[in-house]
$ cat input-v4.txt   # compact mmCIF, C-alpha atoms
# COMPACT_ATOMS: atom_id res chain seq x y z
CA MET A 1 233.58 186.02 -0.96
CA LEU A 2 232.11 183.21 -3.01
CA SER A 3 228.53 181.95 -2.81
CA LEU A 4 227.72 178.44 -4.06
CA VAL A 5 224.07 177.62 -4.71
CA ILE A 6 222.98 173.98 -4.85
CA PRO A 7 219.32 173.37 -5.78
CA VAL A 8 217.90 170.07 -4.49
CA TYR A 9 214.68 168.16 -4.98
CA ASN A 10 214.05 164.72 -3.46
CA GLU A 11 217.77 164.01 -3.09
CA GLU A 12 217.75 162.13 0.23
CA LYS A 13 219.90 159.38 -1.30
CA ILE A 14 222.84 161.68 -2.08
CA ILE A 15 222.41 164.94 -0.13
CA ALA A 16 224.41 163.78 2.90
CA GLU A 17 227.40 162.67 0.80
CA THR A 18 227.22 165.86 -1.24
CA MET A 19 227.24 168.09 1.83
CA LYS A 20 230.11 166.13 3.40
CA THR A 21 232.11 166.59 0.18
CA VAL A 22 231.33 170.31 0.15
CA LEU A 23 232.18 170.69 3.85
CA ALA A 24 235.55 169.05 3.26
CA TYR A 25 236.40 171.00 0.09
CA MET A 26 235.28 174.58 0.60
CA PRO A 27 237.30 175.65 3.70
CA ASN A 28 240.49 174.23 2.15
CA ASN A 29 240.05 176.13 -1.13
CA PHE A 30 238.25 179.39 -0.31
CA ALA A 31 239.15 181.95 2.34
CA ASP A 32 235.59 183.29 2.52
CA TYR A 33 232.54 181.43 1.25
CA GLU A 34 228.94 180.44 1.83
CA VAL A 35 226.97 177.50 0.51
CA ILE A 36 223.22 177.88 -0.04
CA ILE A 37 221.22 174.67 -0.27
CA VAL A 38 217.80 175.39 -1.80
CA ASP A 39 215.25 172.68 -1.09
CA ASP A 40 212.73 172.89 -3.91
CA GLY A 41 209.72 171.51 -2.02
CA SER A 42 211.09 168.00 -1.52
CA SER A 43 208.62 165.36 -0.35
CA ASP A 44 211.26 162.98 1.06
CA GLY A 45 213.87 163.47 3.80
CA THR A 46 216.11 165.87 1.87
CA LEU A 47 215.32 168.96 3.94
CA GLU A 48 215.78 167.22 7.29
CA ILE A 49 219.18 165.82 6.28
CA ALA A 50 220.33 169.16 4.87
CA GLU A 51 219.34 171.08 8.00
CA LYS A 52 221.06 168.52 10.22
CA LEU A 53 224.36 168.84 8.33
CA SER A 54 224.31 172.63 7.87
CA ASP A 55 226.78 174.82 9.74
CA GLU A 56 227.74 178.51 9.94
CA ASN A 57 228.86 178.50 6.30
CA ILE A 58 226.03 176.40 4.91
CA LYS A 59 222.50 177.74 5.04
CA VAL A 60 219.37 175.98 3.89
CA ILE A 61 216.47 177.68 2.14
CA SER A 62 213.22 175.79 1.67
CA TYR A 63 209.65 176.29 0.60
CA GLU A 64 206.69 173.93 0.55
CA LYS A 65 205.63 173.82 -3.11
CA ASN A 66 207.96 172.45 -5.79
CA LYS A 67 208.75 175.17 -8.35
CA GLY A 68 211.40 173.62 -10.57
CA LYS A 69 215.16 173.97 -10.84
CA GLY A 70 214.95 177.50 -12.23
CA GLY A 71 212.91 178.67 -9.27
CA ALA A 72 215.34 177.06 -6.83
CA VAL A 73 218.41 178.59 -8.47
CA LYS A 74 216.74 182.00 -8.50
CA ALA A 75 215.91 181.76 -4.78
CA GLY A 76 219.51 180.88 -3.99
CA ILE A 77 220.99 183.63 -6.12
CA MET A 78 218.72 186.29 -4.68
CA ALA A 79 219.85 185.22 -1.19
CA ALA A 80 223.56 185.17 -2.07
CA GLY A 81 225.84 187.56 -0.20
CA GLY A 82 229.16 186.86 -1.92
CA ASP A 83 230.95 188.90 -4.57
CA PHE A 84 230.60 185.96 -6.96
CA VAL A 85 227.88 183.33 -7.10
CA PHE A 86 227.99 179.92 -8.76
CA TYR A 87 225.42 177.18 -9.01
CA THR A 88 225.89 173.47 -9.56
CA ASP A 89 223.81 170.32 -9.25
CA CYS A 90 223.44 168.21 -6.12
CA ASP A 91 225.31 165.29 -7.66
CA LEU A 92 228.32 167.58 -8.18
CA ALA A 93 228.41 166.29 -11.74
CA TYR A 94 231.34 168.52 -12.72
CA GLY A 95 233.14 168.29 -9.39
CA LEU A 96 234.15 171.24 -7.21
CA ASP A 97 237.52 172.02 -8.78
CA VAL A 98 235.63 173.71 -11.61
CA ILE A 99 234.12 176.16 -9.08
CA LYS A 100 237.63 177.03 -7.93
CA GLU A 101 238.76 177.42 -11.56
CA GLY A 102 235.79 179.67 -12.26
CA HIS A 103 236.53 181.80 -9.21
CA GLU A 104 240.14 182.23 -10.35
CA PHE A 105 238.90 183.10 -13.84
CA PHE A 106 236.78 185.94 -12.45
CA LYS A 107 239.70 187.32 -10.45
CA LYS A 108 241.92 187.36 -13.53
CA SER A 109 239.29 188.57 -15.99
CA LYS A 110 237.69 191.44 -14.10
CA GLU A 111 235.51 192.45 -17.06
CA THR A 112 233.68 189.10 -17.11
CA ASP A 113 230.14 189.17 -15.69
CA VAL A 114 228.91 185.66 -16.50
CA LEU A 115 230.85 182.40 -16.76
CA VAL A 116 229.32 179.41 -18.55
CA GLY A 117 230.62 175.87 -18.20
CA SER A 118 230.74 174.27 -21.64
CA ARG A 119 231.01 170.55 -22.37
CA LYS A 120 231.48 171.38 -26.04
CA LYS A 121 234.67 173.29 -25.18
CA HIS A 122 236.26 170.31 -23.40
CA LYS A 123 237.90 167.49 -25.36
CA ASP A 124 236.33 164.99 -22.94
CA GLY A 125 233.17 166.98 -22.35
CA TYR A 126 230.90 164.08 -23.23
CA ALA A 127 232.99 161.27 -21.79
CA GLY A 128 230.75 158.63 -20.24
CA TYR A 129 227.68 159.65 -22.25
CA THR A 130 225.94 157.02 -24.32
CA PHE A 131 226.17 157.67 -28.04
CA LEU A 132 222.44 158.45 -28.26
CA ARG A 133 222.49 160.83 -25.30
CA LYS A 134 225.51 162.65 -26.70
CA ILE A 135 223.91 163.06 -30.14
CA MET A 136 220.64 164.30 -28.62
CA SER A 137 222.43 166.73 -26.30
CA VAL A 138 224.62 168.21 -29.06
CA ALA A 139 221.66 168.49 -31.43
CA PHE A 140 219.50 170.21 -28.81
CA LEU A 141 222.25 172.69 -27.92
CA SER A 142 222.74 173.47 -31.61
CA ILE A 143 219.02 174.18 -32.01
CA LEU A 144 219.08 176.49 -28.97
CA LYS A 145 222.06 178.33 -30.40
CA ILE A 146 220.58 178.80 -33.88
CA TYR A 147 216.84 179.04 -33.14
CA GLY A 148 217.14 180.61 -29.70
CA GLY A 149 219.82 183.17 -30.46
CA ILE A 150 222.29 182.10 -27.78
CA LYS A 151 225.84 183.04 -28.75
CA GLN A 152 227.61 180.58 -26.44
CA SER A 153 228.48 177.01 -27.44
CA GLU A 154 226.60 175.67 -24.40
CA SER A 155 223.63 176.96 -22.44
CA GLN A 156 222.28 174.00 -20.48
CA SER A 157 225.18 172.79 -18.35
CA GLY A 158 224.52 172.75 -14.62
CA MET A 159 227.53 174.93 -13.78
CA LYS A 160 227.50 178.68 -14.18
CA GLY A 161 229.06 181.58 -12.33
CA PHE A 162 228.32 185.29 -12.08
CA LYS A 163 229.38 188.48 -10.47
CA THR A 164 226.63 188.57 -7.88
CA GLU A 165 225.47 192.04 -8.87
CA ALA A 166 225.00 190.82 -12.46
CA ALA A 167 223.30 187.60 -11.33
CA LYS A 168 220.69 189.47 -9.32
CA LYS A 169 219.92 191.78 -12.23
CA ILE A 170 219.47 188.78 -14.52
CA PHE A 171 217.40 186.57 -12.22
CA ALA A 172 215.17 189.42 -11.06
CA LEU A 173 213.94 189.43 -14.66
CA CYS A 174 213.73 185.65 -15.11
CA GLU A 175 210.28 184.05 -15.07
CA SER A 176 211.06 180.46 -16.10
CA ASP A 177 211.10 178.00 -13.20
CA GLY A 178 211.76 174.86 -15.27
CA TRP A 179 214.77 173.44 -17.10
CA ILE A 180 214.73 176.20 -19.74
CA PHE A 181 215.71 178.84 -17.16
CA ASP A 182 219.39 178.66 -18.21
CA PHE A 183 218.45 179.73 -21.72
CA GLU A 184 216.34 182.62 -20.44
CA ALA A 185 219.08 183.78 -18.07
CA LEU A 186 221.68 183.89 -20.86
CA LEU A 187 219.29 185.64 -23.21
CA ILE A 188 218.67 188.30 -20.56
CA ALA A 189 222.42 188.60 -19.92
CA GLN A 190 222.91 189.26 -23.63
CA LYS A 191 220.11 191.83 -23.55
CA LEU A 192 221.86 193.54 -20.62
CA LYS A 193 225.07 193.56 -22.70
CA LEU A 194 226.97 191.72 -20.00
CA LYS A 195 230.31 190.10 -20.82
CA ILE A 196 229.86 186.31 -21.03
CA GLU A 197 232.77 183.88 -21.15
CA GLU A 198 233.00 180.09 -21.29
CA ILE A 199 235.26 177.57 -19.59
CA PRO A 200 235.58 173.90 -20.58
CA ILE A 201 233.96 171.36 -18.26
CA THR A 202 233.38 167.62 -18.28
CA VAL A 203 231.10 165.36 -16.26
CA ILE A 204 233.03 163.38 -13.66
CA ASN A 205 230.06 162.06 -11.68
CA HIS A 206 227.48 160.37 -13.86
CA ARG A 207 224.00 159.41 -12.77
CA GLU A 208 220.69 158.88 -14.51
CA SER A 209 219.30 162.22 -15.68
CA LYS A 210 215.98 163.47 -14.30
CA ILE A 211 215.24 164.91 -17.73
CA ASP A 212 213.24 162.90 -20.25
CA PRO A 213 215.36 163.63 -23.36
CA MET A 214 212.48 163.58 -25.84
CA LYS A 215 209.57 164.87 -23.78
CA ASP A 216 211.45 167.66 -21.97
CA SER A 217 213.38 168.75 -25.07
CA ILE A 218 210.12 169.24 -26.98
CA LYS A 219 208.62 171.10 -24.04
CA MET A 220 211.65 173.41 -23.80
CA LEU A 221 211.71 174.08 -27.54
CA ARG A 222 208.08 175.16 -27.37
CA GLU A 223 209.02 177.67 -24.67
CA ILE A 224 211.76 179.33 -26.74
CA PRO A 225 209.58 181.70 -28.83
CA LYS A 226 207.66 182.79 -25.71
CA ILE A 227 210.89 183.54 -23.85
CA LYS A 228 212.45 185.36 -26.80
CA LYS A 229 209.34 187.52 -27.15
CA ARG A 230 209.26 188.31 -23.42
CA VAL A 231 212.97 189.16 -23.25
CA LYS A 232 212.72 191.33 -26.35
CA LYS A 233 210.02 193.39 -24.64
CA LEU A 234 212.02 193.97 -21.46
CA ASN A 235 212.30 197.67 -20.72
CA LEU A 236 215.76 197.66 -19.19
CA ASP A 237 216.10 201.44 -19.05
CA LYS A 238 213.23 201.63 -16.58
CA GLY A 239 213.96 198.27 -14.96
CA GLU A 240 210.53 196.98 -15.91
CA ARG A 241 209.19 193.88 -17.60
$ encode --input "input-v4.txt" --output "structure tokens"
Amino acid sequence: MLSLVIPVYNEEKIIAETMKTVLAYMPNNFADYEVIIVDDGSSDGTLEIAEKLSDENIKVISYEKNKGKGGAVKAGIMAAGGDFVFYTDCDLAYGLDVIKEGHEFFKKSKETDVLVGSRKKHKDGYAGYTFLRKIMSVAFLSILKIYGGIKQSESQSGMKGFKTEAAKKIFALCESDGWIFDFEALLIAQKLKLKIEEIPITVINHRESKIDPMKDSIKMLREIPKIKKRVKKLNLDKGER
């Protein structure tokens, strides 16, 4: 069984189309699945639309106060009941075929615990990006890799997959609710000595990013030493922070 987590926040303009796309795709490509929409304290009509379009395979989780994407992904993963769990963004930036490819990857590579979508691994990974956005993205990822200690070529893409057992171990230890949660999750996965693999991905649905490239990048870089220190202190033998 596959669980797909989609975090949403004030997405009333696209949530209906996204759910219709998911409803059309999933039953034709997966024998057993669930989709978990996590409403991250939206203040518009996102929750109402999501609940109206949900069915027996799509459940909606919501809470009143906005936490951040990391908090929403964590809530979805901890509620997942599948053998594998993936998360992707509400705009389906990388499409849904990549979820199917990731699921097949797990079935073939049974030792893999974590699967990371990497734009840097795809020849067209940055197709459609402006030159400035591409340069800033590549530079930021390089800093995370060198300064942060991430071994993968990419940590911040919005598509990742896990064996659910591994995902719950990782996210039970995560404390970051903001955009830097991906970095923390991978750092914890490395600490747990889980097997991490990458698959190439490219953006097929472009829209204006909610991230302020300069402001949010600086904020995330300031969080790195705090996260590294916290992860280093994790007492994994006793399952404690």
$ residues_around --input "input-v4.txt" --residues "region 47-57 of chain A" --least-positions-apart "5" --cutoff "7 Å" --atoms "all atoms listed in the file" --output "PyMOL selection string"
chain A and resi 15-16+33-35+39+42
$ write_last_selection --input "input-v4.txt" --atoms "C-alpha atoms" --output "PDB file, in the frame of the given file"
ATOM      1  CA  ILE A  15     222.410 164.940  -0.130  1.00  0.00           C
ATOM      2  CA  ALA A  16     224.410 163.780   2.900  1.00  0.00           C
ATOM      3  CA  TYR A  33     232.540 181.430   1.250  1.00  0.00           C
ATOM      4  CA  GLU A  34     228.940 180.440   1.830  1.00  0.00           C
ATOM      5  CA  VAL A  35     226.970 177.500   0.510  1.00  0.00           C
ATOM      6  CA  ASP A  39     215.250 172.680  -1.090  1.00  0.00           C
ATOM      7  CA  SER A  42     211.090 168.000  -1.520  1.00  0.00           C
TER       8      SER A  42
END
$ atom_distance --input "input-v4.txt" --atom1 "CA of Gln190 (chain A)" --atom2 "CA of Asp40 (chain A)"
27.6 Å
$ atom_distance --input "input-v4.txt" --atom1 "CA of Gly161 (chain A)" --atom2 "CA of Lys226 (chain A)"
25.3 Å
$ atom_distance --input "input-v4.txt" --atom1 "CA of Glu104 (chain A)" --atom2 "CA of Ile58 (chain A)"
21.6 Å
$ residues_near_point --input "input-v4.txt" --point "(231.0, 180.7, -6.3)" --cutoff "8 Å" --atoms "all atoms listed in the file" --output "list in words"
Met1, Leu2, Ser3, Leu4, Val5, Tyr33, Gly82, Phe84, Val85, Phe86, Tyr87, Ile99, Lys100, Gly102, His103, Gly161 and Phe162 of chain A
$ closest_atom_pairs --input "input-v4.txt" --of "region 60-100 of chain A" --to "region 192-208 of chain A" --cutoff "8 Å" --atoms "all atoms listed in the file" --output "JSON lines"
{"residue": "A:Asp91", "atom": "CA", "partner": "A:Asn205", "partner_atom": "CA", "distance": 7.0}
{"residue": "A:Leu92", "atom": "CA", "partner": "A:Asn205", "partner_atom": "CA", "distance": 6.8}
{"residue": "A:Ala93", "atom": "CA", "partner": "A:Asn205", "partner_atom": "CA", "distance": 4.5}
{"residue": "A:Tyr94", "atom": "CA", "partner": "A:Val203", "partner_atom": "CA", "distance": 4.8}
{"residue": "A:Gly95", "atom": "CA", "partner": "A:Ile204", "partner_atom": "CA", "distance": 6.5}
{"residue": "A:Val98", "atom": "CA", "partner": "A:Ile201", "partner_atom": "CA", "distance": 7.2}
$ write_last_selection --input "input-v4.txt" --atoms "C-alpha atoms" --output "PDB file, in the frame of the given file"
ATOM      1  CA  ASP A  91     225.310 165.290  -7.660  1.00  0.00           C
ATOM      2  CA  LEU A  92     228.320 167.580  -8.180  1.00  0.00           C
ATOM      3  CA  ALA A  93     228.410 166.290 -11.740  1.00  0.00           C
ATOM      4  CA  TYR A  94     231.340 168.520 -12.720  1.00  0.00           C
ATOM      5  CA  GLY A  95     233.140 168.290  -9.390  1.00  0.00           C
ATOM      6  CA  VAL A  98     235.630 173.710 -11.610  1.00  0.00           C
TER       7      VAL A  98
END
$ residues_around --input "input-v4.txt" --residues "Val231 (chain A)" --least-positions-apart "5" --cutoff "12 Å" --atoms "all atoms listed in the file" --output "compact mmCIF listing (two decimals) with C-alpha atoms, in the frame of the given file"
# COMPACT_ATOMS: atom_id res chain seq x y z
CA GLY A 148 217.14 180.61 -29.70
CA GLY A 149 219.82 183.17 -30.46
CA ILE A 170 219.47 188.78 -14.52
CA LEU A 173 213.94 189.43 -14.66
CA CYS A 174 213.73 185.65 -15.11
CA GLU A 175 210.28 184.05 -15.07
CA SER A 176 211.06 180.46 -16.10
CA PHE A 183 218.45 179.73 -21.72
CA GLU A 184 216.34 182.62 -20.44
CA ALA A 185 219.08 183.78 -18.07
CA LEU A 186 221.68 183.89 -20.86
CA LEU A 187 219.29 185.64 -23.21
CA ILE A 188 218.67 188.30 -20.56
CA ALA A 189 222.42 188.60 -19.92
CA GLN A 190 222.91 189.26 -23.63
CA LYS A 191 220.11 191.83 -23.55
CA LEU A 192 221.86 193.54 -20.62
CA ILE A 224 211.76 179.33 -26.74
CA PRO A 225 209.58 181.70 -28.83
CA LYS A 226 207.66 182.79 -25.71
CA LEU A 236 215.76 197.66 -19.19
CA GLU A 240 210.53 196.98 -15.91
CA ARG A 241 209.19 193.88 -17.60
$ residues_near_point --input "input-v4.txt" --point "(217.5, 183.4, -2.6)" --cutoff "10 Å" --atoms "only C-alpha atoms" --output "ChimeraX atom specification"
/A:5,36-38,61-62,71-81,168
$ residues_around --input "input-v4.txt" --residues "Asp44 (chain A)" --least-positions-apart "4" --cutoff "8 Å" --atoms "all atoms listed in the file" --output "PDB file with C-alpha atoms, keeping the file's coordinate frame"
ATOM      1  CA  ASN A  10     214.050 164.720  -3.460  1.00  0.00           C
ATOM      2  CA  GLU A  11     217.770 164.010  -3.090  1.00  0.00           C
ATOM      3  CA  GLU A  12     217.750 162.130   0.230  1.00  0.00           C
TER       4      GLU A  12
END
$ decode --input "input-v4.txt" --residues "region 52-131 of chain A" --atoms "C-alpha atoms" --output "mmCIF file, in the first residue's frame"
data_model
loop_
_atom_site.group_PDB
_atom_site.id
_atom_site.type_symbol
_atom_site.label_atom_id
_atom_site.label_comp_id
_atom_site.auth_asym_id
_atom_site.auth_seq_id
_atom_site.Cartn_x
_atom_site.Cartn_y
_atom_site.Cartn_z
ATOM 1 C CA LYS A 52 -16.059 18.175 -0.188
ATOM 2 C CA LEU A 53 -13.903 16.306 -2.724
ATOM 3 C CA SER A 54 -12.524 13.646 -0.358
ATOM 4 C CA ASP A 55 -13.613 10.022 -0.699
ATOM 5 C CA GLU A 56 -12.822 6.649 0.895
ATOM 6 C CA ASN A 57 -9.227 6.811 -0.345
ATOM 7 C CA ILE A 58 -8.612 10.475 0.384
ATOM 8 C CA LYS A 59 -8.668 11.686 3.964
ATOM 9 C CA VAL A 60 -8.221 15.235 5.161
ATOM 10 C CA ILE A 61 -6.331 16.227 8.287
ATOM 11 C CA SER A 62 -6.584 19.788 9.569
ATOM 12 C CA TYR A 63 -5.686 21.927 12.528
ATOM 13 C CA GLU A 64 -6.443 25.549 13.328
ATOM 14 C CA LYS A 65 -3.011 27.167 13.707
ATOM 15 C CA ASN A 66 -0.594 27.342 10.782
ATOM 16 C CA LYS A 67 2.614 25.448 11.614
ATOM 17 C CA GLY A 68 4.577 25.441 8.376
ATOM 18 C CA LYS A 69 5.197 22.874 5.660
ATOM 19 C CA GLY A 70 7.395 20.728 7.900
ATOM 20 C CA GLY A 71 4.671 20.454 10.509
ATOM 21 C CA ALA A 72 2.098 19.525 7.873
ATOM 22 C CA VAL A 73 4.292 16.848 6.290
ATOM 23 C CA LYS A 74 5.037 15.388 9.720
ATOM 24 C CA ALA A 75 1.324 15.213 10.585
ATOM 25 C CA GLY A 76 0.607 13.396 7.331
ATOM 26 C CA ILE A 77 3.463 10.938 7.697
ATOM 27 C CA MET A 78 2.559 10.064 11.267
ATOM 28 C CA ALA A 79 -0.995 9.314 10.081
ATOM 29 C CA ALA A 80 0.121 7.218 7.088
ATOM 30 C CA GLY A 81 -0.929 3.569 7.022
ATOM 31 C CA GLY A 82 0.807 2.403 3.849
ATOM 32 C CA ASP A 83 4.004 0.397 3.475
ATOM 33 C CA PHE A 84 5.563 3.355 1.657
ATOM 34 C CA VAL A 85 4.843 7.047 2.096
ATOM 35 C CA PHE A 86 5.611 9.892 -0.297
ATOM 36 C CA TYR A 87 4.991 13.593 -0.057
ATOM 37 C CA THR A 88 4.638 16.163 -2.801
ATOM 38 C CA ASP A 89 3.403 19.729 -3.145
ATOM 39 C CA CYS A 90 -0.171 20.783 -3.866
ATOM 40 C CA ASP A 91 0.738 22.122 -7.302
ATOM 41 C CA LEU A 92 2.031 18.654 -8.244
ATOM 42 C CA ALA A 93 5.161 20.392 -9.476
ATOM 43 C CA TYR A 94 6.877 17.132 -10.442
ATOM 44 C CA GLY A 95 3.738 15.370 -11.640
ATOM 45 C CA LEU A 96 2.434 12.043 -10.346
ATOM 46 C CA ASP A 97 4.387 9.708 -12.619
ATOM 47 C CA VAL A 98 7.400 10.324 -10.381
ATOM 48 C CA ILE A 99 5.454 8.869 -7.428
ATOM 49 C CA LYS A 100 4.817 5.733 -9.467
ATOM 50 C CA GLU A 101 8.505 5.596 -10.468
ATOM 51 C CA GLY A 102 9.513 5.978 -6.825
ATOM 52 C CA HIS A 103 7.147 3.209 -5.756
ATOM 53 C CA GLU A 104 8.621 0.887 -8.390
ATOM 54 C CA PHE A 105 12.123 1.855 -7.234
ATOM 55 C CA PHE A 106 11.320 0.766 -3.679
ATOM 56 C CA LYS A 107 9.947 -2.570 -4.860
ATOM 57 C CA LYS A 108 13.099 -3.268 -6.862
ATOM 58 C CA SER A 109 15.579 -1.916 -4.321
ATOM 59 C CA LYS A 110 14.339 -3.477 -1.099
ATOM 60 C CA GLU A 111 17.290 -2.142 0.927
ATOM 61 C CA THR A 112 16.373 1.496 0.227
ATOM 62 C CA ASP A 113 14.753 3.344 3.148
ATOM 63 C CA VAL A 114 14.579 6.904 1.809
ATOM 64 C CA LEU A 115 14.170 8.150 -1.755
ATOM 65 C CA VAL A 116 15.044 11.746 -2.628
ATOM 66 C CA GLY A 117 13.931 13.455 -5.824
ATOM 67 C CA SER A 118 16.872 15.382 -7.269
ATOM 68 C CA ARG A 119 16.676 18.130 -9.887
ATOM 69 C CA LYS A 120 20.465 18.087 -10.093
ATOM 70 C CA LYS A 121 20.344 14.458 -11.271
ATOM 71 C CA HIS A 122 18.002 15.240 -14.191
ATOM 72 C CA LYS A 123 19.322 16.747 -17.423
ATOM 73 C CA ASP A 124 16.251 19.010 -17.538
ATOM 74 C CA GLY A 125 15.937 19.401 -13.791
ATOM 75 C CA TYR A 126 15.903 23.180 -13.943
ATOM 76 C CA ALA A 127 13.975 23.593 -17.179
ATOM 77 C CA GLY A 128 11.654 26.586 -16.948
ATOM 78 C CA TYR A 129 13.615 28.252 -14.144
ATOM 79 C CA THR A 130 14.839 31.780 -14.654
ATOM 80 C CA PHE A 131 18.615 32.040 -14.808
#
